[in-house]
Amino acid sequence: MTIQELFEIKIYHGYILQLFLAEALFFPLLARREKFVLRLCLSFAVFALLSIVITNVIYHWLPSGLNSVTIFILSLGMGAACFKSSFKEVLFCFVGAQLLQNLSHNIENIVYLPFAEKISDTGWFFISVAAMAAVYVAAYFVIIRRFRGGKKISLQSYGILLIALFSMLFCYLIQFLFQVYGLDGIWVIRLPLILCDVIALILQFGLQGYKWKADENAELERFIAQENKYYDAMKENIDLINMKAHDLKHYLARMSGGAYSAENIAEMSAAVAEYESTVNCGNSTLDVILTEKQYQCEKNGIHLSMMVQGEELQFIHSTDLVAIFSNALENAIECELGVDDAAARSITLRAVRKGDMVVVHVENYCPHPVAVKDGLPVTSKGNTDFHG
């Protein structure tokens, strides 16, 4: 083989750039190494050069279908040089990129092959670019945007990665067999290949989405369990405070004829009454939640008005009651703490039956406009996964 043949750029080398652009879609999902741009430029140059040389060598003594596998393996080296994410995360992303490239290639041939004799090389080029652009843009909106809000690739086990790898290798194998048996030029056989690519992508990223949901549910269950422990402890504290307040009230009554003035006795009685005034709405779980929030509001000068038919909420599990009412009142209190005018700090809570429904309404004073999107308030919290 001559030097010219070794470095000759052939039509199938277009796969190098197509694969790189597909992989670039996943770059935002991976943690980058220092001097990323420099690393990317150098590693891409090495990747492209090795891909051209090695595929030109093996083309003469191995089936051409292995060119794609060779280039894909070389691209993993580029990924390892540019990203500090784990190798399995890089592999996961690049497998997805390969499936996208394969999908765009098969869609391109669905359009090109039936009219191959009538389409010039320039026309074929534009068909290829159009198919690639359509698939990659669609992939960005359908796949990449799902990682918004700080979502990360979740691969604690190798199950998702193995399924993705198996799907990719299966697509490679089917396409390789079509080439071996001379079926690659028939446009109809591209339909099952497209189906394989789509199913593989659905499996890979559908399972990733399922893993996210499982992780979120586990985190929410952990959070709710912590809340329940907190309110169990709070209930014990409230019961103890009520007991002590009751004893102190009788003690103050006996002291009223002693050395303390009526003013002193009244002041101490008011302090005791404040801690004795627990909520009794007909639901023991809500009693604990509302009593604790009432104390918190009194401490911070927030007027809390409540009308709660707790007995109407017995059908809701205590865990859900904690999650709903605690979260709603905590958000309202957090807002009121930012109100400079103490007299304006107010929260209203209503939970009443209306026909066949129980309506819960929480309202608090807000001194500034609230951002609204699609008819719903937008969270001011940084983490949009657990705040809506």
# chains A, B, ... in the order shown; residues from 1 in each chain; ligands from 1

call {"tool": "residues_around", "arguments": {"residues": "Thr348 in chain A", "least_positions_apart": "3", "cutoff": "7 Å", "atoms": "only C-alpha atoms", "output": "PyMOL selection string"}}
result
chain A and resi 304-306+362-364

call {"tool": "residues_around", "arguments": {"residues": "Ser346 in chain A", "least_positions_apart": "4", "cutoff": "12 Å", "atoms": "only C-alpha atoms", "output": "PyMOL selection string"}}
result
chain A and resi 294+297-298+300-306+329+332-339+341-342+362-367

call {"tool": "residues_around", "arguments": {"residues": "Phe36 in chain A", "least_positions_apart": "2", "cutoff": "12 Å", "atoms": "only C-alpha atoms", "output": "ChimeraX atom specification"}}
result
/A:27-28,30-34,38-44,78-84

call {"tool": "closest_residue", "arguments": {"among": "A:Gln101, A:Asn67, A:Ser128, A:Gln18", "to": "Val198 in chain A", "atoms": "only C-alpha atoms"}}
result
A:Gln101

call {"tool": "select_by_dssp", "arguments": {"residues": "range 272-356 of chain A", "states": "strand (DSSP E)", "output": "ChimeraX atom specification"}}
result
/A:303-308,346-354

call {"tool": "write_last_selection", "arguments": {"atoms": "C-alpha atoms", "output": "PDB file, in the first residue's frame"}}
result
ATOM      1  CA  HIS A 303     -50.949  36.297  61.750  1.00  0.00           C
ATOM      2  CA  LEU A 304     -52.198  32.780  61.000  1.00  0.00           C
ATOM      3  CA  SER A 305     -55.910  32.313  60.422  1.00  0.00           C
ATOM      4  CA  MET A 306     -57.185  28.728  60.161  1.00  0.00           C
ATOM      5  CA  MET A 307     -60.488  27.029  59.448  1.00  0.00           C
ATOM      6  CA  VAL A 308     -59.760  23.314  59.118  1.00  0.00           C
ATOM      7  CA  SER A 346     -50.542  37.025  57.277  1.00  0.00           C
ATOM      8  CA  ILE A 347     -51.425  33.473  56.237  1.00  0.00           C
ATOM      9  CA  THR A 348     -54.882  32.003  55.764  1.00  0.00           C
ATOM     10  CA  LEU A 349     -55.531  28.259  55.728  1.00  0.00           C
ATOM     11  CA  ARG A 350     -58.880  26.703  54.891  1.00  0.00           C
ATOM     12  CA  ALA A 351     -59.587  22.979  54.515  1.00  0.00           C
ATOM     13  CA  VAL A 352     -63.319  22.367  54.199  1.00  0.00           C
ATOM     14  CA  ARG A 353     -65.718  20.030  52.469  1.00  0.00           C
ATOM     15  CA  LYS A 354     -67.522  21.352  49.408  1.00  0.00           C
TER      16      LYS A 354
END

call {"tool": "atom_distance", "arguments": {"atom1": "CA of Asn56 in chain A", "atom2": "CA of Leu6 in chain A"}}
result
5.8 Å

call {"tool": "atom_distance", "arguments": {"atom1": "CA of Lys118 in chain A", "atom2": "CA of Gly14 in chain A"}}
result
21.7 Å

call {"tool": "select_by_dssp", "arguments": {"residues": "range 37-239 of chain A", "states": "alpha helix (DSSP H)", "output": "number ranges by chain"}}
result
A: 37-58, 66-82, 87-112, 121-142, 159-180, 190-239

call {"tool": "atom_distance", "arguments": {"atom1": "CA of Val288 in chain A", "atom2": "CA of Asp340 in chain A"}}
result
28.7 Å

call {"tool": "residues_around", "arguments": {"residues": "Leu313 in chain A", "least_positions_apart": "6", "cutoff": "12 Å", "atoms": "only C-alpha atoms", "output": "compact mmCIF listing (two decimals) with all heavy atoms, in the first residue's frame"}}
result
# COMPACT_ATOMS: atom_id res chain seq x y z
N CYS A 281 -58.29 20.17 65.50
CA CYS A 281 -59.13 20.28 64.30
C CYS A 281 -59.87 19.00 63.96
O CYS A 281 -60.55 18.93 62.94
CB CYS A 281 -58.30 20.73 63.11
SG CYS A 281 -57.12 19.49 62.54
N GLY A 282 -59.67 17.95 64.76
CA GLY A 282 -60.34 16.69 64.48
C GLY A 282 -59.49 15.69 63.74
O GLY A 282 -59.96 14.63 63.35
N ASN A 283 -58.21 16.00 63.59
CA ASN A 283 -57.28 15.08 62.94
C ASN A 283 -55.95 15.17 63.68
O ASN A 283 -55.31 16.22 63.68
CB ASN A 283 -57.11 15.44 61.46
CG ASN A 283 -56.25 14.45 60.70
OD1 ASN A 283 -55.09 14.28 61.01
ND2 ASN A 283 -56.83 13.82 59.68
N SER A 284 -55.54 14.10 64.33
CA SER A 284 -54.37 14.16 65.22
C SER A 284 -53.09 14.53 64.49
O SER A 284 -52.26 15.28 65.01
CB SER A 284 -54.19 12.80 65.92
OG SER A 284 -54.04 11.76 64.97
N THR A 285 -52.93 14.04 63.27
CA THR A 285 -51.73 14.38 62.50
C THR A 285 -51.71 15.87 62.17
O THR A 285 -50.69 16.55 62.35
CB THR A 285 -51.67 13.56 61.20
OG1 THR A 285 -51.67 12.17 61.50
CG2 THR A 285 -50.41 13.90 60.41
N LEU A 286 -52.85 16.38 61.71
CA LEU A 286 -52.94 17.80 61.39
C LEU A 286 -52.78 18.66 62.64
O LEU A 286 -52.21 19.76 62.58
CB LEU A 286 -54.27 18.11 60.71
CG LEU A 286 -54.30 18.04 59.19
CD1 LEU A 286 -55.69 18.41 58.68
CD2 LEU A 286 -53.27 18.95 58.56
N ASP A 287 -53.27 18.18 63.79
CA ASP A 287 -53.13 18.93 65.03
C ASP A 287 -51.66 19.23 65.32
O ASP A 287 -51.29 20.36 65.69
CB ASP A 287 -53.74 18.15 66.20
CG ASP A 287 -55.25 18.10 66.13
OD1 ASP A 287 -55.82 18.91 65.38
OD2 ASP A 287 -55.85 17.24 66.80
N ASP A 320 -49.00 11.63 53.66
CA ASP A 320 -49.38 12.61 52.64
C ASP A 320 -49.84 13.92 53.29
O ASP A 320 -49.59 15.01 52.74
CB ASP A 320 -50.48 12.04 51.75
CG ASP A 320 -50.01 10.83 50.96
OD1 ASP A 320 -48.85 10.85 50.52
OD2 ASP A 320 -50.78 9.87 50.80
N LEU A 321 -50.50 13.83 54.43
CA LEU A 321 -50.90 15.04 55.14
C LEU A 321 -49.68 15.87 55.52
O LEU A 321 -49.66 17.10 55.37
CB LEU A 321 -51.70 14.69 56.39
CG LEU A 321 -53.17 14.29 56.19
CD1 LEU A 321 -53.76 13.84 57.52
CD2 LEU A 321 -53.97 15.43 55.61
N VAL A 322 -48.65 15.19 56.02
CA VAL A 322 -47.41 15.88 56.38
C VAL A 322 -46.81 16.56 55.16
O VAL A 322 -46.42 17.73 55.20
CB VAL A 322 -46.40 14.89 57.01
CG1 VAL A 322 -45.03 15.54 57.17
CG2 VAL A 322 -46.89 14.39 58.36
N ILE A 324 -48.24 17.49 52.30
CA ILE A 324 -49.06 18.56 51.71
C ILE A 324 -49.07 19.81 52.58
O ILE A 324 -48.69 20.90 52.15
CB ILE A 324 -50.50 18.06 51.48
CG1 ILE A 324 -50.52 16.94 50.44
CG2 ILE A 324 -51.40 19.20 51.04
CD1 ILE A 324 -51.83 16.19 50.37
N PHE A 325 -49.51 19.65 53.85
CA PHE A 325 -49.72 20.82 54.70
C PHE A 325 -48.40 21.42 55.19
O PHE A 325 -48.26 22.64 55.25
CB PHE A 325 -50.62 20.45 55.88
CG PHE A 325 -52.06 20.34 55.51
CD1 PHE A 325 -52.58 19.15 55.03
CD2 PHE A 325 -52.90 21.43 55.61
CE1 PHE A 325 -53.90 19.04 54.67
CE2 PHE A 325 -54.25 21.34 55.25
CZ PHE A 325 -54.74 20.14 54.77
N ALA A 351 -59.45 24.35 55.02
CA ALA A 351 -59.59 22.98 54.52
C ALA A 351 -60.99 22.53 54.88
O ALA A 351 -61.25 22.13 56.02
CB ALA A 351 -58.54 22.06 55.13
N VAL A 352 -61.90 22.62 53.92
CA VAL A 352 -63.32 22.37 54.20
C VAL A 352 -63.92 21.51 53.10
O VAL A 352 -63.43 21.46 51.97
CB VAL A 352 -64.11 23.70 54.31
CG1 VAL A 352 -63.61 24.52 55.48
CG2 VAL A 352 -63.99 24.51 53.01
N ARG A 353 -65.00 20.83 53.45
CA ARG A 353 -65.72 20.03 52.47
C ARG A 353 -66.62 20.91 51.64
O ARG A 353 -67.33 21.78 52.16
CB ARG A 353 -66.54 18.95 53.16
CG ARG A 353 -67.46 18.17 52.21
CD ARG A 353 -68.16 17.04 52.89
NE ARG A 353 -67.23 15.96 53.15
CZ ARG A 353 -66.84 15.04 52.26
NH1 ARG A 353 -67.29 15.11 51.01
NH2 ARG A 353 -66.02 14.08 52.60
N MET A 357 -66.11 17.05 47.50
CA MET A 357 -64.67 17.31 47.54
C MET A 357 -64.28 17.98 48.85
O MET A 357 -65.10 18.61 49.50
CB MET A 357 -64.26 18.23 46.37
CG MET A 357 -64.47 17.63 45.00
SD MET A 357 -63.73 18.69 43.71
CE MET A 357 -64.65 20.20 43.95
N VAL A 358 -63.00 17.82 49.19
CA VAL A 358 -62.42 18.59 50.29
C VAL A 358 -61.44 19.57 49.65
O VAL A 358 -60.51 19.16 48.94
CB VAL A 358 -61.69 17.68 51.30
CG1 VAL A 358 -61.04 18.54 52.38
CG2 VAL A 358 -62.67 16.71 51.93
N VAL A 359 -61.66 20.85 49.88
CA VAL A 359 -60.85 21.89 49.25
C VAL A 359 -59.86 22.45 50.26
O VAL A 359 -60.26 22.84 51.36
CB VAL A 359 -61.74 23.03 48.70
CG1 VAL A 359 -60.88 24.12 48.08
CG2 VAL A 359 -62.72 22.47 47.67
N VAL A 360 -58.59 22.45 49.89
CA VAL A 360 -57.54 23.03 50.74
C VAL A 360 -57.06 24.31 50.08
O VAL A 360 -56.64 24.30 48.91
CB VAL A 360 -56.36 22.05 50.93
CG1 VAL A 360 -55.26 22.70 51.77
CG2 VAL A 360 -56.84 20.76 51.58
